[in-house]
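First comes the structure, then the notes that go with it.
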Amino acid sequence: MAVTDKKKTPDLIGESAPRVDVLEKVTGEALYTDDLQFGNALLHGRIKRSPHPHALIKKIDTSKAEALPGVKVVVTGQDFPGMVGLYLKDRHIFARERVRFVGEPVAGVAATTEEIAEKALDLIEVEYELLEPVFDPEFGASPEAPLIHPDLGDYQVPNFIFPKPGTNIANHFKIRKGDVEAAWEQCAAVVESKFHIPQIQHVPIEPHVAVAQADSDGQITLWASSQSPFAQRNIIADVLGISQSKIRVIAPYVGGGFGCKAGVTMEALPVALALKAKGRPVKVLLTREEEFYTNFVRQGLVIKLKIGCDKDGNLLAMENTMYWDGGASTEYGVNITRAGGYSSTGPYDVPNVKTDSLCIYTNHPIGGAYRGFGMPELHTALEQTMDMLCDEIGMDKVEFRKLNCVRGGDILATGMKMHPVGLSECIEKVAEAIEWDKEEKPSAPNKKRGKGIALMWKAPAMPPNPGSSALVEFNEDGTIMVGVGGQEIGQGTFTVMAQMAAATLGIPYEWVKVKGPLDTQYSPYEWQTVASRLTWSMGNAVVAAAADARKQVLDLVSDAWDEDPDDLDIVNGVVVSYKSEQEMPLKDIVIYGIPNENFEGWKGGPIIGRGNFMPTYVTGLDSETGQGERAVVHFTTGAQAFDIEIDMDTGKIEVLKAAAAFDVGKAINPELVLSQLEGGLVQGMSSAIFEKIDLKEGVMQNPSFVDYRIATTADIPLEFEGIIVEEPQDDGPWGARGVGEHPMVPSAAAIGNAIYNAVGVRLEGPPFSAERIYLAMLDAGIVE
Amino acid sequence: MALHRISLTLNGELEQVDVPSNWTLLQMLRQTLAVTGTKNGCSSGECGACTVLLNGEPVNSCMVLAVECDGAEVVTVEGLADDGRLAPVQQAIMEAGGVQCGFCTPGVLISAHALLERNPSPTEGEIKDALVGNLCRCTGYFRIIEAVKAAAAIKV
């Protein structure tokens with residue numbers, strides 16, 4: 001595409017243009033879903049939830065709830081037989097016949113006030129017959145485990161997911177490359193490890209909320225805090241057995257997503273209630289407690305690794321077995337398992353690979369999309385095991401990584417050929433930033449100091465054909481409205497799209513308005529705002545739409561001026577001819593057309609630019625070997641390094657300095673890229689040190705901010721350095737690829753490696769809380 | 001549930017409202033008065049998204065009963081700008097890049113504004129202390145802290 005020729009980058013590209021959404025956010029005017037006013041017609045929905053991890057539903061009596069004055073709707077699973085799922089359809093809107101996790105929706109109520117709805121829940125009587133639960137994924141995969149989804153064989157599933165009916169295995173992804181058994185013989189050093197990564201929750205500061213309204217013609221409107229209005233429209237249409245044209249999803253600003261507002265989580269609940277509410281809108285707003293465990297969490301993982309290298313430190317073989325604790329529904333989690341599988345070597349060149357990545361049903365909260373999509377869990381184990389291997393072979397941990405890190409042209413574990421990447425540069429830059437080679441003294445006699453590094457890679461995890469589309473519409477004065485279906489969740493996508501549209505068309509940045517809130521009735525289609533894909537995919541669509549508009553303008557003017565369109569350009573909103581030096585502002589063209597000489601007729605008319613993008617080259621992978629021509633669209637790679645101190649009296653970690661370097665291909669807006677590097681690292685650090693969904697018999701023990709701590713201003717690194725590396729992506733706009741998730745991925749591993757460097761202990765998984773570090777040091781005899 | 005008639009000054013304007021006795025200040029702001037800049041993040045006084053000024057002090061409005069505000073002065077994020085002119089903390093947080101999803105922002109701005117009113121030249125440690133009750137999941141806090149430093153410099 002000539003317009004995005006990397007040799008001639010327009011001014012706006014690479015500029016930290018000011019964000020288009022922040023003024024209304026600082027004045028309090030920005031509207032989020034719970035801010036919308038629906039008046040007295042609004043009904044309040046509340047959900048009756050299962051108290052048991054695994055049970056048959058014997059009887060539900062809703063009669064007392066229905067009789068309570070103010071209660072307008074009561075529904076149960078009996079009313080909704082359809083199945084929900086992005087990849088594997090394994091879930092109902094409300095439980096039918098069986099509950100599979102504590103918190104599963106069993107009934108719903110809509111009433112005139114929140115208090116009445118709450119009272120009504122207590123009046124719903126449910127009789128359960130307890131079933132034997134499964135809480136451990138390794139046990140869940142064994143033949144002794146009770147079946148959580150006996151009908152797994154009947155579930156609809158796409159052809160790249162491989163469930164095993166008659167078991168709790170919802171997906172089994174395999175890689176068989178080379179010959180690991182033979183390779184162990186060649187290894188000078190081999191290490192084995194087992195790590196347990198616990199469930200954590202996204203903790204968006206805005207809890208989930210959705211309002212639904214259904215009219216008598218069956219037309220449904222859904223307002224939702226949503227990363228995925230089109231996917232939600234599609235999945236809800238599917239579960240109700242209706243056309244997508246009957247559902248309209250409106251998505252205002254999102255107060256934090258991180259994956260928990262992708263796919264359908266609770267959005268079908270108010271729709272179900274609204275269908276019986278005689279036209280009244282019904283709102284379901286989750287409490288913070290519900291937010292912690294009733295929607296999506298990040299899957300837990302039990303991972304076993306065996307890695308070997310030759311005497312010079314070259315990686316020769318890797319065996320990776322992953323048991324993903326998928327929870328009660330794995331409709332989304334099956335693809336996390338797959339992503340973990342095809343990424344299982346980490347960003348390394350390994351000639352012999354054996355991977356088994358299993359997604360296993362348990363009676364735990366539902367594992368769904370969480371920033372990183374399996375990569376943080378995988379890398380937390382992998383990068384610590386690489387450090388163990390370095391110690392075994394006696395090699396410096398930075399040198400080892402520079403030797404083995406993946407490079408352009410390498411053949412990956414799936415047989416895909418790697419594209420050019422700047423990972424080596426990322427490694428060098430973060431090592432330099434924390435002065436890796438310098439051994440430094442702790443700040444006090446009761447502290448120990450350590451440094452750790454970790455690498456990462458991630459590809460956008462998607463079906464093979466996820467599409468983006470965009471529209472560019474003009475206003476009379478030459479300014480434009482850009483229509484997109486991708487959501488502003490805080491990452492700054494509206495800003496970057498405005499930059500790309502303005503740069504492509506040739507108009508000032510201030511002339512661009514990206515249309516929001518998203519509205520499936522008016523916005524063009526976008527698969528989802530996930531996978532760090534918008535800058536690359538939606539960016540390509542926006543550029544195509546702006547280029548299409550530009551071409552229409554120049555074709556029209558060249559016709560009017562009888563010139564060659566190649567001699568024309570649009571500069572600052574004015575069409576200019578480099579040949580004749582004529583000029584015409586856009587406002588004289590884009591709505592009204594151009595008059596012929598002497599006003600003898602007109603040319604043109606209202607101009608609308610359109611564009612789309614969908615990758616066409618992703619192939620399937622063999623179900624036994626995981627081999628295929630092109631597993632993914634591309635990888636973003638990066639590295640982080642931490643310089644920490646541990647208080648020997650308390651086990652508390654203080655991060656002195658953290659450095660992050662990521663290869664983004666091209667930073668369209670550098671400050672926004674750095675903002676992702678900062679925020680992701682702190683979220684990663686928080687997950688490393690503080691966070692765990694503490695499950696006992698399937699019940700979360702800590703569903704509040706009192707006992708589930710996330711990072712505050714008191715916890716952040718004293719110093720942070722963010723570094724942008726740019727090795728262009730062949731099919732990204734100006735070479736750009738995504739970076740939204742990636743900065744969270746290596747943090748826990750880097751911190752784990754730093755802890756080992758400081759005090760010589762390595763925990764079997766996060767959180768690396770002060771208490772656990774202290775007890776580990778006590779156990780190891782490092783403190784008394 | 002009994003309704004109580006209370007008067008309060010909200011962002012400089014006198015309001016007279018009837019509120020249920022068990023409603024919080026947050027509920028009164030968002031539902032009775034439809035002033036929705038102040039956010040509900042947890043309803044338990046833990047996340048700070050609901051922070052407002054009550055008689056000049058930053059409080060979690062989800063932990064204050066509406067009826068306690070009879071005769072009080074309340075300032076929310078909507079009251080920080082002066083006749084369209086943004087307060088220094090508002091301007092600074094935009095310029096520093098301290099706003100991503102924006103959901104924590106109103107609470108952060110109130111806490112930061114209150115800090116600078118009582119301590120015009122805070123140290124980095126004092127800024128972190130003042131904001132420790134405002135949870136943010138997006139930014140990592142670095143640019144929020146830089147914004148408060150920048151705002152302090154403007155005011156001085």
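For the structure tokens, the naming scheme is as follows: chains receive sequential letters (A, B, ...) according to their order of presentation, residues are indexed from 1 within each chain, and ligands are indexed from 1 in presentation order.
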
- request: Tell me the residues of chain A close to chain B, meaning within 8 Å using only C-alpha atoms, as a PyMOL selection string.
  value: chain A and resi 18+22-23+25-30+35+37+203-207+253-256+287-288+488-492+671-672+675-676+678-683+705-706+710-714+716

- request: Would you please give, as JSON, numbers by chain, all residues of range 11-258 of chain A that DSSP assigns to helix (DSSP H, G or I) based on the backbone?
  value: {"A": [22, 23, 24, 25, 26, 27, 33, 34, 35, 39, 40, 41, 63, 64, 65, 66, 67, 77, 78, 79, 114, 115, 116, 117, 118, 119, 120, 121, 122, 123, 137, 138, 139, 140, 152, 153, 154, 180, 181, 182, 183, 184, 185, 186, 229, 230, 231, 232, 233, 234, 235, 236, 237, 238, 239, 240, 244, 245, 246]}

query: Closest to Phe474 in chain A among A:Pro606, A:Gly698, A:Pro163, A:Pro137, using only C-alpha atoms?
result: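 Of all the options, A:Pro606 lies closest to Phe474 in chain A.
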
task: Find the residues near Ala560 in chain A: any atom within 12 Å, counting only C-alpha atoms, skip ones fewer than 4 places away on the same chain, and give them as a PyMOL selection string.
output: chain A and resi 553-556+564-565+582+584+589+593-597+601-604

Would you save the residues from that selection as a PDB file, in the first residue's frame, using N, CA and C atoms?
ATOM      1  N   VAL A 553     -11.682  11.268  -3.887  1.00  0.00           N
ATOM      2  CA  VAL A 553     -11.520  12.724  -4.007  1.00  0.00           C
ATOM      3  C   VAL A 553     -10.606  13.069  -5.178  1.00  0.00           C
ATOM      4  N   LEU A 554      -9.451  12.411  -5.220  1.00  0.00           N
ATOM      5  CA  LEU A 554      -8.469  12.752  -6.257  1.00  0.00           C
ATOM      6  C   LEU A 554      -8.962  12.355  -7.649  1.00  0.00           C
ATOM      7  N   ASP A 555      -9.659  11.230  -7.747  1.00  0.00           N
ATOM      8  CA  ASP A 555     -10.225  10.836  -9.047  1.00  0.00           C
ATOM      9  C   ASP A 555     -11.229  11.885  -9.521  1.00  0.00           C
ATOM     10  N   LEU A 556     -12.042  12.369  -8.596  1.00  0.00           N
ATOM     11  CA  LEU A 556     -13.060  13.357  -8.936  1.00  0.00           C
ATOM     12  C   LEU A 556     -12.405  14.673  -9.383  1.00  0.00           C
ATOM     13  N   ASP A 564      -3.814  14.280 -14.221  1.00  0.00           N
ATOM     14  CA  ASP A 564      -3.502  12.928 -13.774  1.00  0.00           C
ATOM     15  C   ASP A 564      -3.621  12.887 -12.241  1.00  0.00           C
ATOM     16  N   PRO A 565      -4.362  11.934 -11.686  1.00  0.00           N
ATOM     17  CA  PRO A 565      -4.470  11.885 -10.219  1.00  0.00           C
ATOM     18  C   PRO A 565      -3.124  11.780  -9.523  1.00  0.00           C
ATOM     19  N   GLN A 582      -3.063  24.344  -9.029  1.00  0.00           N
ATOM     20  CA  GLN A 582      -4.439  24.671  -8.612  1.00  0.00           C
ATOM     21  C   GLN A 582      -4.667  24.121  -7.216  1.00  0.00           C
ATOM     22  N   MET A 584      -8.046  23.277  -4.237  1.00  0.00           N
ATOM     23  CA  MET A 584      -9.471  23.289  -3.904  1.00  0.00           C
ATOM     24  C   MET A 584      -9.630  22.662  -2.527  1.00  0.00           C
ATOM     25  N   ILE A 589     -15.844  19.907  -2.076  1.00  0.00           N
ATOM     26  CA  ILE A 589     -15.851  18.677  -2.867  1.00  0.00           C
ATOM     27  C   ILE A 589     -16.696  17.576  -2.249  1.00  0.00           C
ATOM     28  N   GLY A 593     -20.108  17.776  -4.256  1.00  0.00           N
ATOM     29  CA  GLY A 593     -19.564  17.552  -5.587  1.00  0.00           C
ATOM     30  C   GLY A 593     -18.976  18.826  -6.184  1.00  0.00           C
ATOM     31  N   ILE A 594     -18.563  18.717  -7.430  1.00  0.00           N
ATOM     32  CA  ILE A 594     -17.905  19.860  -8.113  1.00  0.00           C
ATOM     33  C   ILE A 594     -18.743  20.257  -9.326  1.00  0.00           C
ATOM     34  N   PRO A 595     -19.024  21.542  -9.457  1.00  0.00           N
ATOM     35  CA  PRO A 595     -19.805  21.959 -10.635  1.00  0.00           C
ATOM     36  C   PRO A 595     -18.953  21.921 -11.898  1.00  0.00           C
ATOM     37  N   ASN A 596     -19.604  21.586 -13.013  1.00  0.00           N
ATOM     38  CA  ASN A 596     -18.926  21.686 -14.302  1.00  0.00           C
ATOM     39  C   ASN A 596     -18.764  23.157 -14.668  1.00  0.00           C
ATOM     40  N   GLU A 597     -18.030  23.387 -15.761  1.00  0.00           N
ATOM     41  CA  GLU A 597     -17.843  24.764 -16.202  1.00  0.00           C
ATOM     42  C   GLU A 597     -19.201  25.404 -16.492  1.00  0.00           C
ATOM     43  N   GLY A 601     -24.183  21.345 -15.135  1.00  0.00           N
ATOM     44  CA  GLY A 601     -24.162  20.026 -14.507  1.00  0.00           C
ATOM     45  C   GLY A 601     -23.113  19.938 -13.408  1.00  0.00           C
ATOM     46  N   TRP A 602     -23.034  18.782 -12.778  1.00  0.00           N
ATOM     47  CA  TRP A 602     -22.180  18.548 -11.619  1.00  0.00           C
ATOM     48  C   TRP A 602     -21.471  17.204 -11.725  1.00  0.00           C
ATOM     49  N   LYS A 603     -20.357  17.102 -11.007  1.00  0.00           N
ATOM     50  CA  LYS A 603     -19.662  15.806 -10.877  1.00  0.00           C
ATOM     51  C   LYS A 603     -19.623  15.422  -9.397  1.00  0.00           C
ATOM     52  N   GLY A 604     -19.668  14.126  -9.153  1.00  0.00           N
ATOM     53  CA  GLY A 604     -19.406  13.630  -7.799  1.00  0.00           C
ATOM     54  C   GLY A 604     -20.656  13.553  -6.949  1.00  0.00           C
TER      55      GLY A 604
END

message: as a ChimeraX atom specification, please: every residue in range 35-126 of chain B that DSSP puts in strand (DSSP E or B).
response: /B:51-54,57-60,65,73-75,82,85

Would you put the residues from that selection into a file with N, CA and C atoms, as a compact mmCIF listing (two decimals), in the first residue's frame?
# COMPACT_ATOMS: atom_id res chain seq x y z
N THR B 51 -14.41 8.70 45.51
CA THR B 51 -13.89 9.77 46.36
C THR B 51 -14.49 11.13 46.00
N VAL B 52 -15.00 11.83 47.01
CA VAL B 52 -15.49 13.20 46.83
C VAL B 52 -14.97 14.01 48.01
N LEU B 53 -15.09 15.33 47.94
CA LEU B 53 -14.76 16.16 49.10
C LEU B 53 -16.02 16.40 49.91
N LEU B 54 -15.94 16.12 51.20
CA LEU B 54 -17.03 16.38 52.13
C LEU B 54 -16.51 17.39 53.14
N GLU B 57 -12.78 17.54 53.01
CA GLU B 57 -11.97 16.34 53.23
C GLU B 57 -12.31 15.26 52.20
N PRO B 58 -11.31 14.59 51.65
CA PRO B 58 -11.63 13.49 50.72
C PRO B 58 -12.20 12.29 51.48
N VAL B 59 -13.35 11.79 51.02
CA VAL B 59 -13.99 10.64 51.66
C VAL B 59 -14.44 9.66 50.59
N ASN B 60 -14.59 8.38 50.98
CA ASN B 60 -15.23 7.41 50.10
C ASN B 60 -16.72 7.61 50.26
N LEU B 65 -23.30 8.02 54.80
CA LEU B 65 -24.74 8.04 54.58
C LEU B 65 -25.16 9.38 54.02
N GLU B 73 -21.00 20.66 52.63
CA GLU B 73 -20.50 21.07 51.31
C GLU B 73 -19.84 19.88 50.65
N VAL B 74 -20.31 19.53 49.48
CA VAL B 74 -19.75 18.39 48.76
C VAL B 74 -19.18 18.87 47.43
N VAL B 75 -18.00 18.41 47.11
CA VAL B 75 -17.40 18.72 45.81
C VAL B 75 -17.08 17.41 45.11
N ASP B 82 -13.28 25.57 37.07
CA ASP B 82 -13.87 26.85 37.47
C ASP B 82 -14.40 27.54 36.24
N ARG B 85 -12.70 26.56 33.16
CA ARG B 85 -11.24 26.48 33.24
C ARG B 85 -10.87 25.27 34.10

message: Give me the residues near Leu778 in chain A as a ChimeraX atom specification, where near means some atom within 12 Å (using only C-alpha atoms) and where sequence neighbours in that chain fewer than 4 positions away do not count.
response: /A:648-651,759-761,771-774,782-784

field: Interatomic distance (Å, one decimal) between CA of Gln199 in chain A and CA of Arg401 in chain A
entry: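 Distance reported for this atom pair: 28.6 Å.
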
message: If we count only C-alpha atoms and set the cut-off at 7 Å, which residues sit around range 510-516 of chain A, ignoring sequence neighbours fewer than 6 positions away in its own chain? Please answer as number ranges by chain.
response: A: 479-483, 494, 498, 502

field: Pairwise distance for CA of Lys304 in chain A and CA of Glu331 in chain A, rounded to one decimal in Å
entry: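 Atom-to-atom, CA of Lys304 in chain A and CA of Glu331 in chain A are spaced 24.3 Å apart.
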
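Here CA of Thr520 in chain A stands at a distance of 13.2 Å from CA of Gln219 in chain A.
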
task: Go through B:Ala92, B:Ile154, B:Ile6, B:Val148 one by one, measure the shortest atom-to-atom distance of each to Ala112 in chain B using only C-alpha atoms, and give the residue with the smallest value.
output: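 For Ala112 in chain B, the nearest of the given residues is B:Val148.
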
- request: Would you kindly return, as number ranges by chain, each protein, DNA or RNA residue with an atom no farther than 9 Å from any atom of Glu439 in chain A, considering only C-alpha atoms and excluding same-chain residues fewer than 3 positions away?
  value: A: 435-436, 449-451

Within 9 Å of Lys579 in chain A using only C-alpha atoms, minus same-chain residues under 6 positions, as an MDAnalysis selection string: chainID A and resid 563 567:568
